[in-house]
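Engineer: Pasting structure.cif below, which is mmCIF, C-alpha atoms.
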data_entry
loop_
_atom_site.label_atom_id
_atom_site.label_comp_id
_atom_site.auth_asym_id
_atom_site.auth_seq_id
_atom_site.Cartn_x
_atom_site.Cartn_y
_atom_site.Cartn_z
CA MET Q 1 19.65 -28.62 5.71
CA SER Q 2 17.71 -26.60 8.24
CA LYS Q 3 15.88 -23.46 7.17
CA PRO Q 4 16.97 -20.10 8.58
CA PRO Q 5 14.74 -18.84 11.38
CA SER Q 6 11.87 -16.61 10.34
CA SER Q 7 11.42 -13.14 11.76
CA GLY Q 8 7.77 -13.97 12.33
CA LYS Q 9 6.60 -10.83 10.52
CA TYR Q 10 4.19 -10.99 7.62
CA TYR Q 11 3.07 -7.97 5.64
CA ARG Q 12 -0.02 -7.33 3.57
CA PHE Q 13 0.03 -4.26 1.37
CA ASP Q 14 -3.39 -4.72 -0.22
CA GLY Q 15 -4.81 -1.95 1.97
CA LEU Q 16 -2.25 0.61 0.80
CA SER Q 17 -2.84 3.28 -1.82
CA VAL Q 18 0.30 4.65 -3.49
CA LEU Q 19 0.71 7.68 -5.75
CA ILE Q 20 3.53 7.65 -8.34
CA ALA Q 21 4.57 11.02 -9.77
CA ASP Q 22 7.05 10.68 -12.64
CA ASP Q 23 7.11 12.24 -16.12
CA ASN Q 24 8.65 9.09 -17.59
CA ARG Q 25 5.92 6.65 -18.61
CA PHE Q 26 8.38 3.75 -18.72
CA VAL Q 27 9.48 4.37 -15.12
CA ARG Q 28 5.87 4.56 -14.01
CA SER Q 29 5.12 1.25 -15.70
CA ILE Q 30 8.07 -0.35 -13.88
CA MET Q 31 6.86 1.01 -10.56
CA VAL Q 32 3.33 -0.24 -11.21
CA THR Q 33 4.72 -3.71 -11.94
CA ILE Q 34 6.77 -3.64 -8.73
CA PHE Q 35 3.80 -2.49 -6.65
CA LYS Q 36 1.60 -5.21 -8.11
CA ALA Q 37 4.28 -7.79 -7.28
CA LEU Q 38 4.26 -6.51 -3.69
CA GLY Q 39 0.48 -6.70 -3.52
CA ILE Q 40 -0.22 -2.96 -3.22
CA GLY Q 41 -3.98 -2.51 -3.31
CA LYS Q 42 -4.24 0.74 -5.30
CA VAL Q 43 -1.74 2.60 -7.49
CA LEU Q 44 -2.41 6.14 -8.76
CA GLN Q 45 -0.26 7.79 -11.43
CA ALA Q 46 0.66 11.41 -12.16
CA ASP Q 47 2.73 12.75 -15.07
CA ASN Q 48 4.31 15.50 -12.96
CA GLY Q 49 4.13 17.38 -9.69
CA GLU Q 50 1.20 19.55 -10.74
CA GLU Q 51 -0.95 16.55 -11.64
CA ALA Q 52 0.03 14.93 -8.34
CA MET Q 53 -1.08 18.09 -6.52
CA ALA Q 54 -4.51 17.86 -8.15
CA ILE Q 55 -4.88 14.22 -7.10
CA LEU Q 56 -3.80 15.01 -3.54
CA ASP Q 57 -6.18 17.96 -3.28
CA VAL Q 58 -9.05 15.62 -4.13
CA SER Q 59 -7.75 13.21 -1.49
CA ALA Q 60 -7.72 16.02 1.09
CA GLN Q 61 -11.38 16.76 0.43
CA MET Q 62 -12.52 13.19 0.98
CA ASP Q 63 -14.70 12.40 3.97
CA SER Q 64 -12.37 11.48 6.84
CA THR Q 65 -14.60 8.53 7.72
CA ALA Q 66 -13.86 7.03 4.31
CA GLY Q 67 -10.13 7.11 4.91
CA ARG Q 68 -7.58 8.83 2.71
CA ASP Q 69 -7.15 8.08 -0.94
CA VAL Q 70 -3.32 8.23 -0.83
CA ASP Q 71 -1.10 6.64 1.83
CA ILE Q 72 2.40 7.07 0.35
CA ILE Q 73 3.86 9.24 -2.42
CA PHE Q 74 6.71 8.14 -4.70
CA ALA Q 75 7.95 11.21 -6.60
CA ASP Q 76 10.71 11.67 -9.15
CA HIS Q 77 13.28 14.31 -8.25
CA LEU Q 78 13.60 15.70 -11.78
CA MET Q 79 10.35 16.20 -13.69
CA GLU Q 80 8.51 19.07 -15.36
CA PRO Q 81 6.67 21.38 -15.00
CA MET Q 82 6.95 20.80 -11.23
CA ASP Q 83 9.75 18.60 -9.89
CA GLY Q 84 9.75 16.32 -6.88
CA ILE Q 85 11.23 18.92 -4.52
CA GLY Q 86 8.49 21.41 -5.43
CA LEU Q 87 5.85 18.74 -4.83
CA LEU Q 88 7.47 17.73 -1.54
CA LYS Q 89 7.50 21.33 -0.25
CA TRP Q 90 3.87 21.76 -1.31
CA VAL Q 91 2.94 18.60 0.59
CA ARG Q 92 4.73 19.69 3.78
CA GLU Q 93 3.08 23.13 3.63
CA HIS Q 94 -0.43 21.83 2.90
CA GLU Q 95 -3.21 23.01 5.20
CA SER Q 96 -4.66 19.51 5.54
CA ASP Q 97 -3.04 17.05 7.97
CA LYS Q 98 -4.08 14.26 5.59
CA ILE Q 99 -1.57 15.64 3.07
CA ARG Q 100 1.27 17.31 4.97
CA PHE Q 101 2.02 14.25 7.09
CA LEU Q 102 2.11 11.86 4.13
CA PRO Q 103 5.29 9.79 3.69
CA VAL Q 104 7.17 10.90 0.58
CA VAL Q 105 9.78 8.71 -1.13
CA MET Q 106 12.01 10.67 -3.52
CA MET Q 107 13.27 8.78 -6.60
CA SER Q 108 16.29 9.89 -8.59
CA GLY Q 109 18.78 8.61 -11.13
CA GLU Q 110 21.25 11.31 -10.01
CA ALA Q 111 21.32 10.50 -6.31
CA ASP Q 112 24.48 12.41 -5.39
CA GLU Q 113 25.06 13.87 -1.94
CA ALA Q 114 23.73 17.33 -2.85
CA ALA Q 115 20.47 15.89 -4.20
CA VAL Q 116 19.96 13.68 -1.16
CA ARG Q 117 20.65 16.57 1.22
CA LEU Q 118 18.21 18.84 -0.63
CA ALA Q 119 15.46 16.24 -0.40
CA ARG Q 120 16.25 15.54 3.26
CA ASP Q 121 16.14 19.23 4.17
CA SER Q 122 12.84 19.64 2.31
CA GLY Q 123 11.13 17.01 4.46
CA VAL Q 124 11.51 13.75 2.53
CA THR Q 125 10.76 10.48 4.31
CA GLU Q 126 12.92 8.08 2.28
CA TYR Q 127 15.20 8.28 -0.77
CA LEU Q 128 15.24 5.73 -3.59
CA ALA Q 129 17.97 5.65 -6.21
CA LYS Q 130 17.14 4.51 -9.75
CA PRO Q 131 17.08 1.93 -11.21
CA MET Q 132 14.53 0.53 -8.77
CA SER Q 133 14.11 -3.08 -7.74
CA VAL Q 134 11.41 -4.95 -5.84
CA ILE Q 135 13.76 -5.33 -2.86
CA ASN Q 136 14.69 -1.62 -2.74
CA VAL Q 137 11.08 -0.48 -3.03
CA ALA Q 138 9.97 -2.99 -0.40
CA SER Q 139 12.73 -1.81 1.96
CA ARG Q 140 11.44 1.78 1.74
CA LEU Q 141 7.89 0.63 2.45
CA LEU Q 142 9.02 -1.40 5.45
CA ALA Q 143 11.08 1.51 6.78
CA ILE Q 144 7.96 3.71 6.66
CA ILE Q 145 5.79 1.06 8.31
CA ASP Q 146 8.22 -0.40 10.88
CA LYS Q 147 10.21 2.72 11.79
CA PRO Q 148 7.91 5.74 11.65
CA ARG Q 149 9.59 8.95 12.80
CA SER Q 150 8.10 11.84 14.72
CA PHE Q 151 7.69 15.05 12.76
CA VAL Q 152 9.76 18.11 13.64
CA ARG Q 153 8.46 21.65 13.35
CA ALA Q 154 11.22 24.27 13.38
CA PRO Q 155 11.43 27.82 11.98
CA ASN Q 156 12.98 26.58 8.73
CA TYR Q 157 11.85 22.97 8.61
CA PHE Q 158 8.79 20.75 8.85
CA GLY Q 159 9.08 17.04 8.20
CA PRO Q 160 10.22 13.71 9.65
CA ASP Q 161 12.94 13.80 12.27
CA ARG Q 162 16.18 13.59 10.28
CA ARG Q 163 18.06 11.83 13.08
CA ARG Q 164 17.85 8.10 12.38
CA GLN Q 165 20.33 7.08 15.06
CA THR Q 166 22.19 8.51 18.03
CA LEU Q 167 25.89 8.85 17.27
CA PRO Q 168 28.67 9.79 19.72
CA HIS Q 169 29.84 13.37 19.33
CA ASP Q 170 33.12 14.62 20.85
CA GLY Q 171 33.10 18.13 19.38
CA ALA Q 172 31.51 21.36 20.53
CA ASP Q 173 27.76 21.42 21.05
CA ARG Q 174 26.42 23.58 18.20
CA ARG Q 175 22.77 23.31 19.14
CA LEU Q 176 21.02 26.67 19.21
CA MET Q 177 18.15 25.42 21.37
CA SER Q 178 18.03 24.07 24.88
CA PRO Q 179 15.73 21.20 25.90
CA GLU Q 180 13.41 23.82 27.37
CA ASP Q 181 12.87 25.27 23.89
CA VAL Q 182 11.51 21.95 22.57
CA ARG Q 183 8.14 20.41 23.34
CA VAL Q 184 6.27 17.38 22.06
CA VAL Q 185 2.73 18.06 20.91
CA ASP Q 186 0.08 15.56 19.92
CA GLU Q 187 -1.60 16.52 16.64
CA GLY Q 188 -4.26 13.86 16.27
CA ALA Q 189 -2.64 10.70 14.95
CA HIS Q 190 0.77 12.41 14.62
CA MET Q 191 3.46 13.23 17.15
CA VAL Q 192 5.28 16.50 16.48
CA ILE Q 193 8.45 17.83 18.10
CA ASP Q 194 7.86 21.59 18.22
CA SER Q 195 10.88 23.89 18.33
CA GLN Q 196 9.21 27.06 17.07
CA GLY Q 197 10.50 29.03 20.02
CA GLY Q 198 14.12 28.67 18.98
CA SER Q 199 16.05 30.34 16.18
CA VAL Q 200 17.59 27.77 13.88
CA GLU Q 201 19.38 29.05 10.81
CA ASN Q 202 20.39 25.60 9.62
CA PRO Q 203 18.29 22.97 11.40
CA ALA Q 204 19.92 20.24 9.32
CA GLU Q 205 23.12 20.52 11.32
CA ASN Q 206 22.03 22.10 14.60
CA VAL Q 207 20.02 19.25 16.05
CA ASP Q 208 22.84 17.25 17.60
CA GLY Q 209 26.01 18.72 16.21
CA GLY Q 210 25.90 16.54 13.11
CA ALA Q 211 23.51 15.48 10.40
CA GLU Q 212 23.02 12.16 8.66
CA VAL Q 213 22.09 11.84 5.01
CA PRO Q 214 19.58 8.97 4.73
CA ALA Q 215 20.54 6.28 2.24
CA GLU Q 216 23.33 8.51 0.94
CA ALA Q 217 25.92 5.79 0.57
CA GLU Q 218 23.47 3.43 -1.10
CA ALA Q 219 22.25 6.15 -3.42
CA GLN Q 220 25.75 7.00 -4.54
CA ARG Q 221 26.59 3.35 -5.17
CA ALA Q 222 23.42 2.86 -7.18
CA SER Q 223 24.04 5.88 -9.37
CA ALA Q 224 27.70 5.07 -10.03
#
How does this structure look as structure tokens?
Structural biologist:
Amino acid sequence: MSKPPSSGKYYRFDGLSVLIADDNRFVRSIMVTIFKALGIGKVLQADNGEEAMAILDVSAQMDSTAGRDVDIIFADHLMEPMDGIGLLKWVREHESDKIRFLPVVMMSGEADEAAVRLARDSGVTEYLAKPMSVINVASRLLAIIDKPRSFVRAPNYFGPDRRRQTLPHDGADRRLMSPEDVRVVDEGAHMVIDSQGGSVENPAENVDGGAEVPAEAEAQRASA
């Protein structure tokens, strides 16, 4: 029997540094095991959002020539005293580019549509429904690596472009900005779509007349 053709892609994660923020020690231990199985080079752990903030602040102060100490954040949606949404908003509002452009994967055992939308509109990069598996975690890592998205800066939003695909739209155009109101700016290693000149009350649904919830269907199936 012939073997299926290979995609020709090989990944090494030993150069990655991942921060896990979750107040459940058992969940953190599972994530550490998964990351070790994937060959992640460095795994940092935080009990909650506040501890994660302290770790990230240290990372922001590192010498840029030495690289950054955190490459990707995995944060639990529900944790105390600061939850994943609070941590995500803090990251996106951070003064250091080394922090505010970091990919953030939100983890949740209650991944209903409202929770996914809240994370999406707060600037999340990917969403991961619990319980986690090696395949699901790896798929989020590959999405971040293989399909990086430009960041969008709007009056009420800063984060990855929420449009993952171009879908046909037959209804009225509800966009509040014209192409002239949008410009692409190069901020070092990051590409940003700047729409500060426009007035967007609900940027989640005014980009192209519709909004997509990333991984919504999968999240709902996993939490059922």
Engineer: Find the residues near range 117-119 of chain Q: any atom within 8 Å, counting only C-alpha atoms, skip ones fewer than 5 places away on the same chain, and give them as a list in words.
Structural biologist: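 Near neighbours after the sequence-gap exclusion: Ile85, Met106, Val124, Tyr127 and Val213 of chain Q.
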Engineer: Between Q:Ile135, Q:Ile40, Q:Val27, Q:Val70, which is the closest to Ser108 in chain Q once you count only C-alpha atoms?
Structural biologist: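 Closest candidate: Q:Val27.
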Engineer: Taking only C-alpha atoms into account, name the residue in Q:His94, Q:Lys147, Q:Arg12, Q:Arg28 that is nearest to Phe74 in chain Q.
Structural biologist: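 Among the listed residues, Q:Arg28 lies closest to Phe74 in chain Q.
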Engineer: Got a sec: who's within 10 Å of Glu80 in chain Q, counting only C-alpha atoms, leaving out chain neighbours fewer than 4 positions off, as a VMD selection string?
Structural biologist: chain Q and resid 22 to 23 47 to 50 76 84
Engineer: Which polymer residues have any atom within 7 Å of an atom of Gln45 in chain Q, counting only C-alpha atoms, with same-chain residues fewer than 5 positions away left out, as a PyMOL selection string?
Structural biologist: chain Q and resi 19-21
Engineer: As JSON, please: the centre and edge lengths in Å, to one decimal, of an axis-aligned box enclosing every listed atom of range 119-132 of chain Q with 5 Å added on each side.
Structural biologist:
{"center_x": 14.4, "center_y": 10.1, "center_z": -3.4, "size_x": 17.2, "size_y": 29.1, "size_z": 25.7}
Engineer: For the atom pair CA of Ile34 in chain Q and CA of Val134 in chain Q, what is the interatomic distance in Å to one decimal place?
Structural biologist: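 Between CA of Ile34 in chain Q and CA of Val134 in chain Q the gap works out to 5.6 Å.
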Engineer: Given the choices Q:Met53, Q:Leu44, Q:Ile144, Q:Ala111, which gets closest to Trp90 in chain Q if the distance is worked out from all atoms listed in the file?
Structural biologist: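 Ranked by minimum distance to Trp90 in chain Q, first place goes to Q:Met53.
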Engineer: Just the number, please: distance in Å from CA of Lys9 in chain Q to CA of Val43 in chain Q, one decimal.
Structural biologist: 24.0 Å
Engineer: Counting all atoms listed in the file, figure out which residue out of Q:Phe151, Q:Arg100, Q:Met132, Q:Arg120 gets nearest to Met31 in chain Q.
Structural biologist: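 Closest residue, counting all atoms listed in the file: Q:Met132.
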Engineer: For Tyr157 in chain Q, find every residue with an atom within 8 Å (counting all atoms listed in the file), except residues of its own chain fewer than 4 positions away, and show them as a list in words.
Structural biologist: Asp121, Ser122, Gly123, Val152, Arg153 and Pro203 of chain Q
Engineer: Could you write out as a PDB file with C-alpha atoms, keeping the file's coordinate frame the residues that the PyMOL selection byres ((chain Q and resi 13) around 9) matches in the shown file?
Structural biologist:
ATOM      1  CA  TYR Q  11       3.070  -7.970   5.640  1.00  0.00           C
ATOM      2  CA  ARG Q  12      -0.020  -7.330   3.570  1.00  0.00           C
ATOM      3  CA  ASP Q  14      -3.390  -4.720  -0.220  1.00  0.00           C
ATOM      4  CA  GLY Q  15      -4.810  -1.950   1.970  1.00  0.00           C
ATOM      5  CA  LEU Q  16      -2.250   0.610   0.800  1.00  0.00           C
ATOM      6  CA  SER Q  17      -2.840   3.280  -1.820  1.00  0.00           C
ATOM      7  CA  LEU Q  38       4.260  -6.510  -3.690  1.00  0.00           C
ATOM      8  CA  GLY Q  39       0.480  -6.700  -3.520  1.00  0.00           C
ATOM      9  CA  ILE Q  40      -0.220  -2.960  -3.220  1.00  0.00           C
ATOM     10  CA  GLY Q  41      -3.980  -2.510  -3.310  1.00  0.00           C
TER      11      GLY Q  41
END
Engineer: Residue by residue, what does the PyMOL selection byres ((chain Q and resi 56) around 9) grab here? Present the result as an NGL selection string.
Structural biologist: :Q and (19 or 51-55 or 57-61 or 69-70 or 91 or 99)
Engineer: How many Å lie between CA of Ala143 in chain Q and CA of Thr125 in chain Q, rounded to one decimal?
Structural biologist: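 A separation of 9.3 Å between them.
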Engineer: From the options Q:Ile73, Q:Leu78, Q:Ala154, Q:Leu87, which residue's atoms come nearest to Glu126 in chain Q, counting all atoms listed in the file?
Structural biologist: Q:Ile73
Engineer: Between Q:Ala75, Q:Gly171, Q:Gly159, Q:Ile30, which one has atoms that come closest to Glu93 in chain Q, using all atoms listed in the file?
Structural biologist: Q:Gly159
